[in-house]
Each structure stands twice: as structure tokens, then as C-alpha cells.
Amino acid sequence: MRCALGYLPARLPTRGGGAVTALLLVAAANLTTPQLIRVAIDVGFTQAQPSVLAETVAGLVALAFAQFRDSPDGLSAA
């Protein structure tokens, strides 16, 4: 295995680490959205706490903006 890894370019581990980091960030954002919606409904609406509702809506807007900004064409969300 070491011999095979010797043929790979030196910059590959850096790019691979960046790709893994990006993948984890996108996965975290995709998993966070439903949880924010759950908190908004369970706490914001059912327990009538407008501050929690406002915080979750702000979080959803921030996630949507981050996903929109990082889209390849800058025009559509992922």
C-alpha cells in the first residue's frame, strides 16, 4: 500500500482533507434544518415561546443563505 501511495501527488491529502471537511459541513447543515423546524414547532408554537420561534427562524434563514451563497451558479439553492 505504501508503494501505491508514493505515486499520488503530494497535494492530495490536503485536497482530500478539504473535501472531507466540506462534506461534513454540508451534512451538518442538511441535518440541522429539520431539527430547527422541529424546535420551532414543538417549542415555538406549542409552548407559545416567540423568542424560540424567532431564533429558529433566524437559524433557518442563515442556513438557507449559506447554502445559496455556496451554490455553484449563485442563483439556486442546493
# chains A, B, ... in the order shown; residues from 1 in each chain; ligands from 1

call {"tool": "residues_around", "arguments": {"residues": "Val57 of chain A", "least_positions_apart": "4", "cutoff": "9 Å", "atoms": "only C-alpha atoms", "output": "JSON, numbers by chain"}}
result
{"A": [36, 37, 40, 52, 53, 61, 62]}

call {"tool": "write_last_selection", "arguments": {"atoms": "N, CA, C and O atoms", "output": "tab-separated table (two decimals), in the first residue's frame"}}
result
chain	number	residue	atom	x	y	z
A	36	LEU	N	-34.15	22.27	13.42
A	36	LEU	CA	-34.63	23.63	13.68
A	36	LEU	C	-36.13	23.74	13.46
A	36	LEU	O	-36.84	24.41	14.23
A	37	ILE	N	-36.63	23.08	12.44
A	37	ILE	CA	-38.08	23.09	12.19
A	37	ILE	C	-38.81	22.39	13.33
A	37	ILE	O	-39.85	22.86	13.79
A	40	ALA	N	-38.88	24.71	16.28
A	40	ALA	CA	-39.82	25.81	16.02
A	40	ALA	C	-41.26	25.37	16.27
A	40	ALA	O	-42.05	26.11	16.87
A	52	VAL	N	-38.07	31.71	21.02
A	52	VAL	CA	-37.52	30.48	20.44
A	52	VAL	C	-37.89	30.39	18.97
A	52	VAL	O	-37.08	30.01	18.13
A	53	LEU	N	-39.10	30.76	18.66
A	53	LEU	CA	-39.55	30.75	17.26
A	53	LEU	C	-38.71	31.71	16.42
A	53	LEU	O	-38.27	31.36	15.31
A	61	VAL	N	-32.94	30.90	8.23
A	61	VAL	CA	-32.56	31.91	7.23
A	61	VAL	C	-31.04	31.89	7.02
A	61	VAL	O	-30.56	31.97	5.89
A	62	ALA	N	-30.29	31.78	8.11
A	62	ALA	CA	-28.82	31.74	8.00
A	62	ALA	C	-28.36	30.51	7.23
A	62	ALA	O	-27.46	30.60	6.38

call {"tool": "residues_around", "arguments": {"residues": "Asn30 of chain A", "least_positions_apart": "6", "cutoff": "10 Å", "atoms": "only C-alpha atoms", "output": "number ranges by chain"}}
result
A: 24, 63, 67

call {"tool": "write_last_selection", "arguments": {"atoms": "all heavy atoms", "output": "compact mmCIF listing (two decimals), in the first residue's frame"}}
result
# COMPACT_ATOMS: atom_id res chain seq x y z
N LEU A 24 -18.56 17.11 5.52
CA LEU A 24 -19.10 17.11 6.88
C LEU A 24 -19.92 18.37 7.16
O LEU A 24 -20.96 18.32 7.82
CB LEU A 24 -17.98 16.96 7.90
CG LEU A 24 -17.30 15.59 7.92
CD1 LEU A 24 -16.11 15.60 8.89
CD2 LEU A 24 -18.28 14.50 8.30
N LEU A 63 -28.97 29.36 7.50
CA LEU A 63 -28.61 28.15 6.76
C LEU A 63 -28.97 28.27 5.28
O LEU A 63 -28.21 27.86 4.41
CB LEU A 63 -29.30 26.92 7.36
CG LEU A 63 -28.66 26.34 8.60
CD1 LEU A 63 -29.54 25.24 9.17
CD2 LEU A 63 -27.29 25.79 8.29
N GLN A 67 -26.30 28.13 2.18
CA GLN A 67 -26.42 27.17 1.08
C GLN A 67 -26.58 27.88 -0.25
O GLN A 67 -26.06 27.44 -1.26
CB GLN A 67 -27.58 26.22 1.33
CG GLN A 67 -27.31 25.25 2.44
CD GLN A 67 -28.48 24.33 2.72
OE1 GLN A 67 -29.58 24.53 2.20
NE2 GLN A 67 -28.27 23.34 3.54

call {"tool": "atom_distance", "arguments": {"atom1": "atom CA of Gly44 of chain A", "atom2": "atom CA of Ala58 of chain A"}}
result
12.7 Å

call {"tool": "atom_distance", "arguments": {"atom1": "atom CA of Arg38 of chain A", "atom2": "atom CA of Ala64 of chain A"}}
result
16.4 Å
